[in-house]
file my_file21.tsv (TSV, C-alpha atoms)
chain	number	residue	atom	x	y	z
M	29	MET	CA	0.00	0.00	0.00
M	30	PRO	CA	1.40	3.41	-0.93
M	31	GLN	CA	2.46	5.80	1.87
M	32	SER	CA	-0.02	8.55	0.85
M	33	LEU	CA	-3.03	6.16	0.88
M	34	ALA	CA	-2.18	4.84	4.36
M	35	GLY	CA	-1.90	8.41	5.69
M	36	SER	CA	-5.27	9.48	4.26
M	37	THR	CA	-7.00	6.39	5.75
M	38	SER	CA	-5.81	7.26	9.24
M	39	VAL	CA	-7.01	10.87	8.76
M	40	VAL	CA	-10.48	9.64	7.74
M	41	VAL	CA	-10.64	7.37	10.78
M	42	LEU	CA	-9.62	10.24	13.06
M	43	VAL	CA	-12.29	12.53	11.54
M	44	VAL	CA	-15.01	9.87	12.01
M	45	VAL	CA	-14.00	9.26	15.64
M	46	ALA	CA	-13.90	13.01	16.35
M	47	ALA	CA	-17.34	13.53	14.78
M	48	THR	CA	-18.79	10.65	16.80
M	49	LEU	CA	-17.38	12.05	20.05
M	50	ALA	CA	-18.72	15.52	19.24
M	51	VAL	CA	-22.24	14.18	18.61
M	52	LEU	CA	-22.10	12.11	21.80
M	53	GLY	CA	-20.97	15.18	23.76
M	54	LEU	CA	-23.89	17.25	22.43
M	55	VAL	CA	-26.40	14.55	23.34
M	56	ILE	CA	-25.07	14.38	26.89
M	57	LEU	CA	-25.04	18.18	27.17
M	58	PHE	CA	-28.69	18.52	26.13
M	59	ARG	CA	-29.81	15.74	28.50
M	60	ILE	CA	-28.12	17.47	31.44
M	61	ARG	CA	-29.51	20.91	30.60
M	62	ARG	CA	-33.20	19.94	30.72
M	63	LYS	CA	-35.48	22.39	32.46
M	64	PRO	CA	-36.62	21.37	35.95
M	65	LYS	CA	-40.31	21.44	35.01
M	66	ASP	CA	-39.60	19.13	32.06
M	67	LYS	CA	-37.80	16.72	34.40
M	68	GLU	CA	-40.78	16.81	36.78
M	69	MET	CA	-43.22	16.10	33.94
M	70	ARG	CA	-41.09	13.15	32.79
M	71	ARG	CA	-41.01	11.83	36.39
M	72	ARG	CA	-44.81	12.06	36.67
M	73	LEU	CA	-45.37	10.33	33.33
M	74	SER	CA	-42.88	7.58	34.23
M	75	VAL	CA	-44.60	6.91	37.57
M	76	ASN	CA	-47.94	6.89	35.75
M	77	LEU	CA	-46.68	4.39	33.17
M	78	HIS	CA	-44.80	2.02	35.49
M	79	GLY	CA	-46.38	2.74	38.89
M	80	ARG	CA	-48.62	0.68	41.11
M	81	LEU	CA	-51.96	1.92	42.39
M	82	GLY	CA	-52.58	2.59	46.06
M	83	ASP	CA	-54.84	4.53	48.41
M	84	ALA	CA	-53.88	7.88	49.88
M	85	THR	CA	-55.39	10.54	52.07
M	86	ILE	CA	-55.02	14.15	51.03
M	87	THR	CA	-54.37	16.02	54.26
M	88	GLU	CA	-53.85	19.60	53.09
M	89	VAL	CA	-53.83	21.81	50.01
M	90	GLN	CA	-51.79	25.03	50.00
M	91	ASP	CA	-51.50	27.22	46.92
M	92	ASN	CA	-50.16	24.84	44.23
M	93	THR	CA	-49.19	21.95	46.52
M	94	ILE	CA	-51.14	18.86	47.58
M	95	PHE	CA	-49.98	17.15	50.80
M	96	TYR	CA	-50.92	13.49	51.25
M	97	SER	CA	-50.04	10.34	53.15
M	98	TYR	CA	-50.15	6.65	52.23
M	99	SER	CA	-48.84	3.26	53.33
M	100	VAL	CA	-46.92	0.70	51.29
M	101	GLY	CA	-45.71	-2.55	52.85
M	102	GLY	CA	-46.40	-1.35	56.38
M	103	VAL	CA	-44.40	1.87	55.92
M	104	THR	CA	-46.30	5.16	56.07
M	105	TYR	CA	-45.16	7.91	53.72
M	106	THR	CA	-46.01	11.61	53.84
M	107	ALA	CA	-45.48	13.40	50.55
M	108	SER	CA	-46.43	16.45	48.54
M	109	GLN	CA	-46.91	17.21	44.88
M	110	ASP	CA	-46.62	20.51	43.05
M	111	ILE	CA	-49.71	20.92	40.88
M	112	SER	CA	-48.92	24.31	39.31
M	113	GLN	CA	-48.53	22.78	35.83
M	114	LEU	CA	-51.74	20.76	36.26
M	115	ARG	CA	-54.17	23.41	37.55
M	116	ALA	CA	-56.40	23.13	34.46
M	117	GLN	CA	-57.14	19.48	35.35
M	118	ILE	CA	-58.12	20.22	38.96
M	119	PRO	CA	-61.47	22.01	39.16
M	120	ASN	CA	-62.21	22.55	42.88
M	121	VAL	CA	-59.07	22.68	44.98
M	122	GLU	CA	-61.15	23.30	48.13
M	123	LYS	CA	-62.84	19.89	47.87
M	124	LEU	CA	-59.67	17.79	47.52
M	125	ILE	CA	-59.07	16.92	51.19
M	126	GLY	CA	-59.97	13.28	51.86
M	127	PRO	CA	-59.42	9.92	50.15
M	128	ALA	CA	-57.64	9.68	46.81
M	129	SER	CA	-55.80	7.14	44.66
M	130	LEU	CA	-52.10	7.40	43.97
M	131	LYS	CA	-49.46	5.75	41.86
M	132	TYR	CA	-46.01	4.98	43.21
M	133	ALA	CA	-42.81	3.57	41.76
M	134	PRO	CA	-42.50	-0.12	42.77
M	135	ARG	CA	-38.73	0.15	43.39
M	136	ASN	CA	-39.02	3.45	45.25
M	137	PRO	CA	-42.42	3.81	46.98
M	138	ALA	CA	-41.51	7.34	48.10
M	139	ASN	CA	-41.71	8.39	44.42
M	140	SER	CA	-45.47	8.90	44.04
M	141	ILE	CA	-48.09	11.03	42.30
M	142	ILE	CA	-51.72	11.94	42.89
M	143	VAL	CA	-52.28	13.51	39.47
M	144	CYS	CA	-50.40	13.82	36.17
M	145	GLU	CA	-51.04	14.86	32.58
M	146	GLU	CA	-52.63	11.50	31.66
M	147	TRP	CA	-54.17	10.26	34.95
M	148	SER	CA	-55.84	11.54	38.08
M	149	GLY	CA	-56.33	9.84	41.43
M	150	LEU	CA	-58.56	12.63	42.69
M	151	ARG	CA	-62.00	11.41	43.65
M	152	ALA	CA	-65.14	13.38	42.95
M	153	LYS	CA	-66.74	14.71	46.10
M	154	PRO	CA	-70.50	15.12	46.28
M	155	SER	CA	-71.55	18.75	46.31
M	156	ALA	CA	-73.07	20.21	49.48
M	157	ASP	CA	-76.08	21.45	47.52
M	158	PRO	CA	-79.11	19.14	47.50
M	159	PRO	CA	-80.07	17.73	44.10
M	160	VAL	CA	-82.59	19.81	42.17
M	161	SER	CA	-85.76	17.87	41.45
M	162	ALA	CA	-87.36	18.06	38.02
M	163	GLU	CA	-90.84	18.48	39.54
M	164	ALA	CA	-91.99	22.03	39.92
call {"tool": "encode", "arguments": {"input": "my_file21.tsv", "output": "structure tokens"}}
result
Amino acid sequence: MPQSLAGSTSVVVLVVVAATLAVLGLVILFRIRRKPKDKEMRRRLSVNLHGRLGDATITEVQDNTIFYSYSVGGVTYTASQDISQLRAQIPNVEKLIGPASLKYAPRNPANSIIVCEEWSGLRAKPSADPPVSAEA
């Protein structure tokens, strides 16, 4: 093999390796620089997709945060969830206190949700107003 052909082959290999490393570096950079609210949405959707159902009790609602407690395997957890991105899905915040369903990650039961973009464990509460009869 001529000397000039061997030299050009090694240059091509070096260029391909450099390009591959540059692309890999950009992918890693963009994964690290995700916005916190995007990370939270991905967490909620992952728990929704892979999580197990359980029962919870909503104990308090303050501004955009739901506080709740639940038990898994004899361990009681107290948690909260920021609902600021999900306000459109939650009609009456005042009526949330009480029983609810939740989803939690099987490998990490402390990772739980009450509501996400595709699912809600909030239970409808009967209104305090008596039903209106059709007779009049």
call {"tool": "closest_residue", "arguments": {"input": "my_file21.tsv", "among": "M:Ile142, M:Leu73, M:Ala133, M:Leu54", "to": "M:Gln117", "atoms": "all atoms listed in the file"}}
result
M:Ile142
call {"tool": "closest_residue", "arguments": {"input": "my_file21.tsv", "among": "M:Arg151, M:Glu68, M:Arg135, M:Asp83", "to": "M:Gln109", "atoms": "all atoms listed in the file"}}
result
M:Glu68
call {"tool": "closest_residue", "arguments": {"input": "my_file21.tsv", "among": "M:Ser36, M:Gln113, M:Val121, M:Gly149", "to": "M:Asp66", "atoms": "all atoms listed in the file"}}
result
M:Gln113
call {"tool": "atom_distance", "arguments": {"input": "my_file21.tsv", "atom1": "atom CA of M:Asp91", "atom2": "atom CA of M:Leu77"}}
result
27.1 Å
call {"tool": "axis_aligned_box", "arguments": {"input": "my_file21.tsv", "around": "stretch 41-54 of chain M", "padding_each_side": "4 Å", "output": "lines of an AutoDock Vina configuration file"}}
result
center_x = -16.8
center_y = 12.3
center_z = 17.3
size_x = 22.3
size_y = 17.9
size_z = 21.0
call {"tool": "atom_distance", "arguments": {"input": "my_file21.tsv", "atom1": "atom CA of M:Arg59", "atom2": "atom CA of M:Arg115"}}
result
27.1 Å
call {"tool": "residues_around", "arguments": {"input": "my_file21.tsv", "residues": "stretch 103-107 of chain M", "least_positions_apart": "3", "cutoff": "12 Å", "atoms": "only C-alpha atoms", "output": "list in words"}}
result
Gly82, Asp83, Ala84, Thr85, Ile86, Thr87, Glu88, Val89, Thr93, Ile94, Phe95, Tyr96, Ser97, Tyr98, Ser99, Val100, Asp110, Leu130, Tyr132, Asn136, Pro137, Ala138, Asn139, Ser140, Ile141 and Ile142 of chain M
call {"tool": "closest_residue", "arguments": {"input": "my_file21.tsv", "among": "M:Pro119, M:Gly79, M:Gly101, M:Pro134", "to": "M:Leu150", "atoms": "all atoms listed in the file"}}
result
M:Pro119
call {"tool": "atom_distance", "arguments": {"input": "my_file21.tsv", "atom1": "atom CA of M:Glu122", "atom2": "atom CA of M:Arg80"}}
result
26.8 Å
call {"tool": "closest_residue", "arguments": {"input": "my_file21.tsv", "among": "M:Lys65, M:Lys123, M:His78, M:Arg72", "to": "M:Ser148", "atoms": "all atoms listed in the file"}}
result
M:Arg72
